[in-house]
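A.B. asks: Starting off with a structure, shown below.
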Amino acid sequence: MRVRVQCPGKVILFGEHACVYGYPSLVTTVDAYTQVDLEELIEPVIQFEALGFEFRNNCKVSLLDDVPEIRDPESEKLACETIRQILSRKSPYTQSITEDSWFLLLYFYHKIVPKDRRLGVRVQAKTQLWPGAGLGSSASFCCSLVMGLLQLCGREDVSQEEVNRMAFEGEKVFHGTPSGVDNTVCVYGGTMRFRRSSSGPPSFTPVPCTSAPRLLIVNSGASHSTRSIVEQVRAAKDSLGTVFSRIGEIVEGAERCLGEGRDLGDLITENNNLLNKLPGVNNPHTDRIVQICSDYGVVAKITGAGGGGVVIGLLREGVDGASLVRALGNAGFKTLTDIKMGVPGVGTVEKWC
């Protein structure tokens, strides 16, 4: 059997940083995808190739025989340590996008594939999402892997709830304490309102969109630490109450605009200006992108933690998007253009028996 699964990435439209303190945020899927091909093999080996990253690796299925069964958080921790030890036998394990992806494949294989059905598998993955840029690349990969492995095991009744739960477990292995936003929106698709709760799990509410504007996504190329920026904002949070409150109001206004088909331009500009008041968020590269977009009539804002990372722009009708993309490219920035938002979540593209 062979199966091809694809999963979209995501961007935060509005509400960054304020959402950490109980205010809502709006998150949406985008039609830039991670695609994973999984093929059952007769030979009992696990093969992995990350296309576009020049990374290949493989191991015998039997190498996982000594990995403890995952039943609870403690056994999961031990299983992860054992898998890393197995990887280190071939070469020193280093935390990188490709090594972490290889680790996640072995982790999910061990978690999902029954011991009495330890089939060989070849996995090829490719992505349009820039890793580490806040586009949900790791969640997109986890969701694709989980759905593909479950189907390769003969499951015809794979539910979104199951994929979401297991992908979140992979995200925790990958990131430590993720919010669950990325995997949830990548599984269910569309645009969602996310809100943390002080007394329980966060809430995710689908947001109806009368019209879905096209987006421009621009990579600043500036590396950043989300954790560091969040901590800088946290240290100053007592003086930022009015900023957070206004960002929360902008989220509410943006939700109404999406439902009524009204323009988001003014809210995007104001949200970006407010984000730039937060410590660590402002960055000369993202400022430059926002200015270039403005020169071509496109409103833009930081998405995610800031301090670098990615900027999103609103592509209204009549905008000369091609000239803008050229200008951004000449300035050294990579782009994804004419991007649809609110696309469906993870799904099977093709299956061959």
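The way I read the labels, and the way they are meant: chains A, B, ... in the order of the structure tokens, residue 1 as the first residue of every chain, and ligand 1 as the first ligand shown, with later ones counted on from there.
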Using DSSP on the backbone, list every residue of stretch 57-204 of chain A that comes out as strand (DSSP E or B), and give them as a list in words.
C.D. replies: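 The strand (DSSP E or B) subset of stretch 57-204 of chain A is Asn57, Asn58, Cys59, Lys60, Gly120, Val121, Arg122, Val123, Gln124, Ala125, Lys126, Thr127, Thr191, Met192, Arg193, Phe194, Arg195, Ser203 and Phe204 of chain A.
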A.B. asks: Residues as selected, N, CA and C atoms, written as a PDB file, in the first residue's frame, can you do that?
C.D. replies:
```
ATOM      1  N   ASN A  57      17.885   8.871   5.743  1.00  0.00           N
ATOM      2  CA  ASN A  57      18.311   7.996   6.824  1.00  0.00           C
ATOM      3  C   ASN A  57      17.449   6.746   6.796  1.00  0.00           C
ATOM      4  N   ASN A  58      17.915   5.702   7.459  1.00  0.00           N
ATOM      5  CA  ASN A  58      17.157   4.461   7.515  1.00  0.00           C
ATOM      6  C   ASN A  58      17.609   3.649   8.715  1.00  0.00           C
ATOM      7  N   CYS A  59      16.780   2.726   9.132  1.00  0.00           N
ATOM      8  CA  CYS A  59      17.157   1.778  10.179  1.00  0.00           C
ATOM      9  C   CYS A  59      16.291   0.538  10.048  1.00  0.00           C
ATOM     10  N   LYS A  60      16.748  -0.552  10.621  1.00  0.00           N
ATOM     11  CA  LYS A  60      15.957  -1.772  10.646  1.00  0.00           C
ATOM     12  C   LYS A  60      14.820  -1.620  11.659  1.00  0.00           C
ATOM     13  N   GLY A 120       7.735  -2.793   6.987  1.00  0.00           N
ATOM     14  CA  GLY A 120       8.715  -1.836   6.506  1.00  0.00           C
ATOM     15  C   GLY A 120       7.999  -0.659   5.872  1.00  0.00           C
ATOM     16  N   VAL A 121       8.626   0.505   5.902  1.00  0.00           N
ATOM     17  CA  VAL A 121       7.962   1.689   5.364  1.00  0.00           C
ATOM     18  C   VAL A 121       9.001   2.658   4.791  1.00  0.00           C
ATOM     19  N   ARG A 122       8.655   3.231   3.665  1.00  0.00           N
ATOM     20  CA  ARG A 122       9.457   4.311   3.078  1.00  0.00           C
ATOM     21  C   ARG A 122       8.659   5.599   3.178  1.00  0.00           C
ATOM     22  N   VAL A 123       9.287   6.632   3.720  1.00  0.00           N
ATOM     23  CA  VAL A 123       8.610   7.916   3.910  1.00  0.00           C
ATOM     24  C   VAL A 123       9.403   9.009   3.206  1.00  0.00           C
ATOM     25  N   GLN A 124       8.722   9.739   2.349  1.00  0.00           N
ATOM     26  CA  GLN A 124       9.307  10.918   1.704  1.00  0.00           C
ATOM     27  C   GLN A 124       8.470  12.131   2.096  1.00  0.00           C
ATOM     28  N   ALA A 125       9.142  13.181   2.532  1.00  0.00           N
ATOM     29  CA  ALA A 125       8.440  14.392   2.966  1.00  0.00           C
ATOM     30  C   ALA A 125       9.001  15.606   2.240  1.00  0.00           C
ATOM     31  N   LYS A 126       8.106  16.498   1.866  1.00  0.00           N
ATOM     32  CA  LYS A 126       8.527  17.780   1.321  1.00  0.00           C
ATOM     33  C   LYS A 126       7.580  18.842   1.831  1.00  0.00           C
ATOM     34  N   THR A 127       8.058  20.077   1.879  1.00  0.00           N
ATOM     35  CA  THR A 127       7.233  21.139   2.452  1.00  0.00           C
ATOM     36  C   THR A 127       7.462  22.464   1.750  1.00  0.00           C
ATOM     37  N   THR A 191     -10.545  28.952   9.720  1.00  0.00           N
ATOM     38  CA  THR A 191     -10.083  30.027  10.604  1.00  0.00           C
ATOM     39  C   THR A 191     -10.691  29.804  11.977  1.00  0.00           C
ATOM     40  N   MET A 192      -9.882  29.969  13.009  1.00  0.00           N
ATOM     41  CA  MET A 192     -10.329  29.675  14.365  1.00  0.00           C
ATOM     42  C   MET A 192     -10.000  30.810  15.324  1.00  0.00           C
ATOM     43  N   ARG A 193     -10.858  30.928  16.316  1.00  0.00           N
ATOM     44  CA  ARG A 193     -10.608  31.820  17.453  1.00  0.00           C
ATOM     45  C   ARG A 193     -10.050  30.948  18.576  1.00  0.00           C
ATOM     46  N   PHE A 194      -8.886  31.333  19.053  1.00  0.00           N
ATOM     47  CA  PHE A 194      -8.213  30.588  20.121  1.00  0.00           C
ATOM     48  C   PHE A 194      -8.186  31.436  21.379  1.00  0.00           C
ATOM     49  N   ARG A 195      -8.480  30.803  22.519  1.00  0.00           N
ATOM     50  CA  ARG A 195      -8.414  31.534  23.779  1.00  0.00           C
ATOM     51  C   ARG A 195      -7.973  30.601  24.896  1.00  0.00           C
ATOM     52  N   SER A 203      -9.847  27.102  24.427  1.00  0.00           N
ATOM     53  CA  SER A 203     -11.015  26.920  23.563  1.00  0.00           C
ATOM     54  C   SER A 203     -10.646  27.253  22.121  1.00  0.00           C
ATOM     55  N   PHE A 204     -11.221  26.486  21.205  1.00  0.00           N
ATOM     56  CA  PHE A 204     -11.048  26.711  19.768  1.00  0.00           C
ATOM     57  C   PHE A 204     -12.436  26.814  19.148  1.00  0.00           C
TER      58      PHE A 204
END
```
A.B. asks: Report as a list in words all protein, DNA and RNA residues lying within 8 Å of A:Gly253, evaluated on only C-alpha atoms, omitting residues in the same chain fewer than 4 positions from it.
C.D. replies: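 Everything that qualifies: Glu249, Cys257 and Leu267 of chain A.
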A.B. asks: Keeping N, CA, C and O atoms, export the residues of the selection given above as an mmCIF file, in the first residue's frame.
C.D. replies:
```
data_model
loop_
_atom_site.group_PDB
_atom_site.id
_atom_site.type_symbol
_atom_site.label_atom_id
_atom_site.label_comp_id
_atom_site.auth_asym_id
_atom_site.auth_seq_id
_atom_site.Cartn_x
_atom_site.Cartn_y
_atom_site.Cartn_z
ATOM 1 N N GLU A 249 -9.426 43.772 21.552
ATOM 2 C CA GLU A 249 -10.536 44.433 20.847
ATOM 3 C C GLU A 249 -10.364 44.322 19.339
ATOM 4 O O GLU A 249 -11.353 44.174 18.597
ATOM 5 N N CYS A 257 -15.363 41.569 10.970
ATOM 6 C CA CYS A 257 -15.051 41.915 9.578
ATOM 7 C C CYS A 257 -15.044 40.680 8.688
ATOM 8 O O CYS A 257 -15.563 40.704 7.565
ATOM 9 N N LEU A 267 -7.234 47.380 10.747
ATOM 10 C CA LEU A 267 -6.949 46.554 11.921
ATOM 11 C C LEU A 267 -5.560 45.917 11.829
ATOM 12 O O LEU A 267 -4.859 45.786 12.843
#
```
A.B. asks: Skip A:Glu69 itself and residues of its chain fewer than 3 positions away, then list as a tab-separated table (two decimals) with C-alpha atoms, in the first residue's frame all residues within 10 Å of it, counting only C-alpha atoms.
C.D. replies:
```tsv
chain	number	residue	atom	x	y	z
A	65	ASP	CA	12.26	-3.79	19.65
A	66	ASP	CA	13.95	-2.51	22.81
A	72	ASP	CA	1.85	7.01	30.15
A	75	SER	CA	7.04	5.47	29.67
A	76	GLU	CA	6.81	7.99	26.83
A	78	LEU	CA	11.77	6.65	28.48
A	79	ALA	CA	10.75	5.63	24.95
A	110	HIS	CA	6.67	2.98	17.45
A	111	LYS	CA	3.52	4.56	18.90
A	115	LYS	CA	4.31	-4.89	17.24
```
A.B. asks: Can you tell me, as number ranges by chain, what residues are no more than 7 Å from A:Tyr188 when counting only C-alpha atoms, ignoring any on the same chain fewer than 6 positions away?
C.D. replies: A: 160, 344-345
A.B. asks: Kindly save the residues from that selection, with N, CA and C atoms included, as a PDB file, in the first residue's frame.
C.D. replies:
```pdb
ATOM      1  N   GLN A 160     -10.541  13.004  12.921  1.00  0.00           N
ATOM      2  CA  GLN A 160      -9.773  14.224  13.161  1.00  0.00           C
ATOM      3  C   GLN A 160      -9.342  14.317  14.616  1.00  0.00           C
ATOM      4  N   PRO A 344      -9.049  23.729   3.945  1.00  0.00           N
ATOM      5  CA  PRO A 344      -9.289  22.527   4.761  1.00  0.00           C
ATOM      6  C   PRO A 344      -8.000  21.995   5.387  1.00  0.00           C
ATOM      7  N   GLY A 345      -8.169  21.235   6.473  1.00  0.00           N
ATOM      8  CA  GLY A 345      -7.022  20.705   7.197  1.00  0.00           C
ATOM      9  C   GLY A 345      -6.450  19.458   6.562  1.00  0.00           C
TER      10      GLY A 345
END
```
A.B. asks: Do a neighbour search on A:Gly265 at 12 Å with only C-alpha atoms, toss out local chain neighbours closer than 6 positions, and write the hits as an NGL selection string.
C.D. replies: :A and (13-14 or 213 or 215 or 250 or 253-254 or 257-258 or 271-272 or 294 or 297-301 or 312-316)
A.B. asks: Only all heavy atoms, please: the residues just picked out, written as a compact mmCIF listing (two decimals), in the first residue's frame.
C.D. replies:
```txt
# COMPACT_ATOMS: atom_id res chain seq x y z
N LEU A 13 -3.43 35.51 12.48
CA LEU A 13 -3.91 36.73 11.84
C LEU A 13 -3.86 37.92 12.79
O LEU A 13 -3.38 39.00 12.45
CB LEU A 13 -5.35 36.54 11.34
CG LEU A 13 -5.56 35.58 10.17
CD1 LEU A 13 -7.06 35.41 9.91
CD2 LEU A 13 -4.88 36.09 8.91
N PHE A 14 -4.36 37.71 14.00
CA PHE A 14 -4.43 38.78 14.99
C PHE A 14 -4.29 38.18 16.40
O PHE A 14 -4.70 37.05 16.63
CB PHE A 14 -5.78 39.52 14.92
CG PHE A 14 -6.04 40.24 13.64
CD1 PHE A 14 -6.76 39.62 12.62
CD2 PHE A 14 -5.58 41.54 13.45
CE1 PHE A 14 -7.01 40.29 11.43
CE2 PHE A 14 -5.83 42.21 12.26
CZ PHE A 14 -6.54 41.58 11.25
N PRO A 213 -9.72 36.96 2.37
CA PRO A 213 -8.73 37.71 1.61
C PRO A 213 -7.50 36.87 1.31
O PRO A 213 -7.15 35.95 2.05
CB PRO A 213 -8.38 38.88 2.54
CG PRO A 213 -8.75 38.42 3.90
CD PRO A 213 -9.91 37.50 3.73
N LEU A 215 -3.45 36.35 0.94
CA LEU A 215 -2.34 36.82 1.75
C LEU A 215 -1.02 36.73 1.00
O LEU A 215 -0.84 35.88 0.12
CB LEU A 215 -2.24 35.99 3.03
CG LEU A 215 -3.44 35.97 3.97
CD1 LEU A 215 -3.18 35.03 5.14
CD2 LEU A 215 -3.77 37.37 4.47
N ILE A 250 -9.12 44.40 18.88
CA ILE A 250 -8.86 44.26 17.44
C ILE A 250 -9.26 42.87 16.96
O ILE A 250 -9.84 42.71 15.87
CB ILE A 250 -7.37 44.55 17.15
CG1 ILE A 250 -7.09 46.04 17.29
CG2 ILE A 250 -6.97 44.06 15.75
CD1 ILE A 250 -5.62 46.41 17.20
N GLY A 253 -12.92 42.82 16.54
CA GLY A 253 -13.30 43.56 15.33
C GLY A 253 -12.97 42.79 14.07
O GLY A 253 -13.76 42.80 13.10
N ALA A 254 -11.82 42.12 14.05
CA ALA A 254 -11.43 41.36 12.87
C ALA A 254 -12.37 40.19 12.63
O ALA A 254 -12.71 39.86 11.48
CB ALA A 254 -9.99 40.85 13.04
N CYS A 257 -15.36 41.57 10.97
CA CYS A 257 -15.05 41.92 9.58
C CYS A 257 -15.04 40.68 8.69
O CYS A 257 -15.56 40.70 7.57
CB CYS A 257 -13.70 42.62 9.49
SG CYS A 257 -13.70 44.32 10.08
N LEU A 258 -14.46 39.60 9.17
CA LEU A 258 -14.42 38.37 8.38
C LEU A 258 -15.82 37.82 8.16
O LEU A 258 -16.15 37.33 7.07
CB LEU A 258 -13.55 37.32 9.09
CG LEU A 258 -12.03 37.57 9.06
CD1 LEU A 258 -11.31 36.63 10.02
CD2 LEU A 258 -11.48 37.40 7.64
N ASN A 271 -2.79 46.62 14.63
CA ASN A 271 -2.24 45.48 15.37
C ASN A 271 -0.71 45.45 15.25
O ASN A 271 0.01 45.22 16.23
CB ASN A 271 -2.84 44.18 14.85
CG ASN A 271 -2.65 43.01 15.79
OD1 ASN A 271 -3.24 41.94 15.61
ND2 ASN A 271 -1.83 43.17 16.83
N ASN A 272 -0.20 45.75 14.06
CA ASN A 272 1.26 45.75 13.88
C ASN A 272 1.91 46.86 14.70
O ASN A 272 2.96 46.65 15.33
CB ASN A 272 1.61 45.92 12.40
CG ASN A 272 3.07 45.69 12.14
OD1 ASN A 272 3.57 44.57 12.28
ND2 ASN A 272 3.80 46.74 11.78
N SER A 294 3.92 48.59 2.09
CA SER A 294 3.18 49.85 2.09
C SER A 294 3.43 50.65 0.82
O SER A 294 2.51 51.28 0.28
CB SER A 294 3.55 50.66 3.32
OG SER A 294 2.87 51.90 3.35
N GLY A 297 1.05 49.60 -1.72
CA GLY A 297 -0.36 49.63 -1.37
C GLY A 297 -0.85 48.41 -0.61
O GLY A 297 -2.06 48.13 -0.61
N VAL A 298 0.06 47.70 0.04
CA VAL A 298 -0.32 46.48 0.77
C VAL A 298 -0.08 46.71 2.27
O VAL A 298 1.03 47.07 2.68
CB VAL A 298 0.51 45.27 0.30
CG1 VAL A 298 0.29 44.06 1.21
CG2 VAL A 298 0.13 44.91 -1.14
N VAL A 299 -1.12 46.53 3.07
CA VAL A 299 -0.95 46.62 4.53
C VAL A 299 -0.40 45.29 5.02
O VAL A 299 -0.77 44.22 4.53
CB VAL A 299 -2.27 46.96 5.24
CG1 VAL A 299 -2.71 48.37 4.91
CG2 VAL A 299 -3.37 45.97 4.89
N ALA A 300 0.50 45.36 6.01
CA ALA A 300 1.17 44.15 6.47
C ALA A 300 1.41 44.22 7.97
O ALA A 300 1.40 45.30 8.56
CB ALA A 300 2.49 43.97 5.72
N LYS A 301 1.64 43.08 8.57
CA LYS A 301 1.91 43.00 10.00
C LYS A 301 2.80 41.80 10.29
O LYS A 301 2.85 40.82 9.53
CB LYS A 301 0.62 42.87 10.81
CG LYS A 301 -0.13 41.56 10.61
CD LYS A 301 -1.37 41.44 11.51
CE LYS A 301 -1.03 41.15 12.96
NZ LYS A 301 -0.49 39.78 13.15
N ILE A 312 2.90 38.99 7.30
CA ILE A 312 1.81 38.72 6.35
C ILE A 312 1.26 40.03 5.82
O ILE A 312 1.20 41.03 6.55
CB ILE A 312 0.67 37.89 6.98
CG1 ILE A 312 0.11 38.56 8.25
CG2 ILE A 312 1.13 36.48 7.29
CD1 ILE A 312 -1.15 37.89 8.79
N GLY A 313 0.90 40.04 4.54
CA GLY A 313 0.32 41.21 3.90
C GLY A 313 -1.03 40.88 3.30
O GLY A 313 -1.30 39.73 2.93
N LEU A 314 -1.89 41.87 3.21
CA LEU A 314 -3.24 41.70 2.68
C LEU A 314 -3.26 42.10 1.22
O LEU A 314 -3.04 43.26 0.87
CB LEU A 314 -4.21 42.58 3.49
CG LEU A 314 -5.70 42.48 3.17
CD1 LEU A 314 -6.23 41.10 3.51
CD2 LEU A 314 -6.46 43.56 3.94
N LEU A 315 -3.52 41.12 0.34
CA LEU A 315 -3.51 41.37 -1.10
C LEU A 315 -4.92 41.73 -1.56
O LEU A 315 -5.72 40.87 -1.91
CB LEU A 315 -3.00 40.14 -1.86
CG LEU A 315 -1.52 39.79 -1.65
CD1 LEU A 315 -1.17 38.53 -2.42
CD2 LEU A 315 -0.62 40.95 -2.09
N ARG A 316 -5.20 43.02 -1.57
CA ARG A 316 -6.49 43.48 -2.07
C ARG A 316 -6.51 43.41 -3.60
O ARG A 316 -5.48 43.35 -4.26
CB ARG A 316 -6.75 44.91 -1.64
CG ARG A 316 -6.82 45.14 -0.12
CD ARG A 316 -7.10 46.62 0.10
NE ARG A 316 -7.29 46.99 1.49
CZ ARG A 316 -6.41 47.69 2.19
NH1 ARG A 316 -5.26 48.05 1.63
NH2 ARG A 316 -6.65 48.02 3.44
```
A.B. asks: Got a sec: who's within 12 Å of A:Pro201, counting only C-alpha atoms, leaving out chain neighbours fewer than 4 positions off, as a PDB file with N, CA and C atoms, in the first residue's frame?
C.D. replies:
```pdb
ATOM      1  N   GLY A  22      -4.804  35.553  28.166  1.00  0.00           N
ATOM      2  CA  GLY A  22      -6.239  35.320  28.224  1.00  0.00           C
ATOM      3  C   GLY A  22      -7.068  36.033  27.182  1.00  0.00           C
ATOM      4  N   SER A 179       1.061  25.223  22.739  1.00  0.00           N
ATOM      5  CA  SER A 179      -0.299  25.630  23.104  1.00  0.00           C
ATOM      6  C   SER A 179      -1.353  24.693  22.538  1.00  0.00           C
ATOM      7  N   GLY A 180      -1.008  23.964  21.478  1.00  0.00           N
ATOM      8  CA  GLY A 180      -1.997  23.135  20.792  1.00  0.00           C
ATOM      9  C   GLY A 180      -2.672  23.847  19.640  1.00  0.00           C
ATOM     10  N   VAL A 181      -2.349  25.113  19.437  1.00  0.00           N
ATOM     11  CA  VAL A 181      -2.967  25.878  18.351  1.00  0.00           C
ATOM     12  C   VAL A 181      -2.599  25.291  16.993  1.00  0.00           C
ATOM     13  N   PHE A 194      -8.886  31.333  19.053  1.00  0.00           N
ATOM     14  CA  PHE A 194      -8.213  30.588  20.121  1.00  0.00           C
ATOM     15  C   PHE A 194      -8.186  31.436  21.379  1.00  0.00           C
ATOM     16  N   ARG A 195      -8.480  30.803  22.519  1.00  0.00           N
ATOM     17  CA  ARG A 195      -8.414  31.534  23.779  1.00  0.00           C
ATOM     18  C   ARG A 195      -7.973  30.601  24.896  1.00  0.00           C
ATOM     19  N   ARG A 196      -6.947  31.016  25.620  1.00  0.00           N
ATOM     20  CA  ARG A 196      -6.483  30.247  26.770  1.00  0.00           C
ATOM     21  C   ARG A 196      -7.469  30.385  27.918  1.00  0.00           C
ATOM     22  N   SER A 197      -7.463  29.376  28.795  1.00  0.00           N
ATOM     23  CA  SER A 197      -8.289  29.417  30.002  1.00  0.00           C
ATOM     24  C   SER A 197      -7.383  29.227  31.211  1.00  0.00           C
TER      25      SER A 197
END
```
A.B. asks: Any idea what's packed within 8 Å of A:Asn219, counting only C-alpha atoms, ignoring anything in its chain fewer than 6 positions away? Could you give it as number ranges by chain?
C.D. replies: A: 133, 309-311, 333-335
A.B. asks: Could you save the residues just selected, with N, CA, C and O atoms, as a PDB file, in the first residue's frame?
C.D. replies:
```pdb
ATOM      1  N   ALA A 133       9.654  29.284  11.256  1.00  0.00           N
ATOM      2  CA  ALA A 133       9.210  30.635  10.921  1.00  0.00           C
ATOM      3  C   ALA A 133       7.834  30.963  11.484  1.00  0.00           C
ATOM      4  O   ALA A 133       7.284  32.026  11.203  1.00  0.00           O
ATOM      5  N   GLY A 309      11.376  36.454  11.931  1.00  0.00           N
ATOM      6  CA  GLY A 309      10.284  35.566  11.516  1.00  0.00           C
ATOM      7  C   GLY A 309       9.566  36.062  10.286  1.00  0.00           C
ATOM      8  O   GLY A 309      10.190  36.525   9.329  1.00  0.00           O
ATOM      9  N   VAL A 310       8.232  36.043  10.330  1.00  0.00           N
ATOM     10  CA  VAL A 310       7.411  36.205   9.135  1.00  0.00           C
ATOM     11  C   VAL A 310       6.475  37.404   9.263  1.00  0.00           C
ATOM     12  O   VAL A 310       6.022  37.747  10.342  1.00  0.00           O
ATOM     13  N   VAL A 311       6.204  38.006   8.108  1.00  0.00           N
ATOM     14  CA  VAL A 311       5.229  39.096   7.974  1.00  0.00           C
ATOM     15  C   VAL A 311       4.145  38.637   7.009  1.00  0.00           C
ATOM     16  O   VAL A 311       4.434  37.959   6.012  1.00  0.00           O
ATOM     17  N   PHE A 333      14.273  39.106   0.427  1.00  0.00           N
ATOM     18  CA  PHE A 333      13.255  38.397   1.202  1.00  0.00           C
ATOM     19  C   PHE A 333      12.548  37.346   0.351  1.00  0.00           C
ATOM     20  O   PHE A 333      12.191  37.606  -0.804  1.00  0.00           O
ATOM     21  N   LYS A 334      12.319  36.170   0.924  1.00  0.00           N
ATOM     22  CA  LYS A 334      11.562  35.108   0.264  1.00  0.00           C
ATOM     23  C   LYS A 334      10.067  35.315   0.518  1.00  0.00           C
ATOM     24  O   LYS A 334       9.671  35.790   1.584  1.00  0.00           O
ATOM     25  N   THR A 335       9.263  34.917  -0.463  1.00  0.00           N
ATOM     26  CA  THR A 335       7.824  35.142  -0.358  1.00  0.00           C
ATOM     27  C   THR A 335       7.012  33.912  -0.759  1.00  0.00           C
ATOM     28  O   THR A 335       7.463  33.067  -1.539  1.00  0.00           O
TER      29      THR A 335
END
```
A.B. asks: Measuring atom to atom with only C-alpha atoms, identify which of A:Val349, A:Ile46, A:Ile83, A:Val158 is nearest to A:Thr34.
C.D. replies: A:Val349
A.B. asks: Restricting the calculation to only C-alpha atoms: of A:Arg2, A:His175, A:Lys90, A:His224, which residue gets closest to A:Leu150?
C.D. replies: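 Among the listed residues, the smallest separation from A:Leu150 belongs to A:Arg2.
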A.B. asks: For A:Gly306, which residue out of A:Lys351, A:Arg117, A:His285, A:Lys10 is the nearest one, using only C-alpha atoms?
C.D. replies: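 Of the candidates, the smallest distance to A:Gly306 is held by A:His285.
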A.B. asks: Looking at only C-alpha atoms, which of A:Ala305, A:Ile289, A:Leu38, A:Val187 is the one that sits closest to A:Asn330?
C.D. replies: A:Ile289
A.B. asks: List every residue of stretch 209-347 of chain A that DSSP, applied to the backbone, labels as helix (DSSP H, G or I), and write the result as a ChimeraX atom specification.
C.D. replies: /A:226-235,237-239,241-260,265-275,284-295,321-330
A.B. asks: Would you mind telling me which residue in A:Gly329, A:Pro68, A:Gly280, A:Gly342 lies nearest to A:Ala212 when using only C-alpha atoms?
C.D. replies: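 The answer is A:Gly342, which sits nearest to A:Ala212.
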A.B. asks: Between atom CA of A:Thr269 and atom CA of A:Ser211, measure the distance and give it in Å to one decimal.
C.D. replies: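 That distance, rounded to one decimal, is 19.4 Å.
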A.B. asks: Name the closest residue to A:Gly332 among the candidates A:Asp266, A:Ala222, A:Ile302, A:Asn276; distances are taken between atoms, counting only C-alpha atoms.
C.D. replies: A:Ala222
A.B. asks: In Å, rounded to a single decimal, give me how far atom CA of A:Glu350 is from atom CA of A:Val27.
C.D. replies: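 One can read the atom CA of A:Val27 to atom CA of A:Glu350 distance as 27.5 Å.
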A.B. asks: Could you work out how far atom CA of A:Ser140 lies from atom CA of A:Asp31, giving the answer in Å with one decimal?
C.D. replies: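 These two atoms are separated by 11.7 Å.
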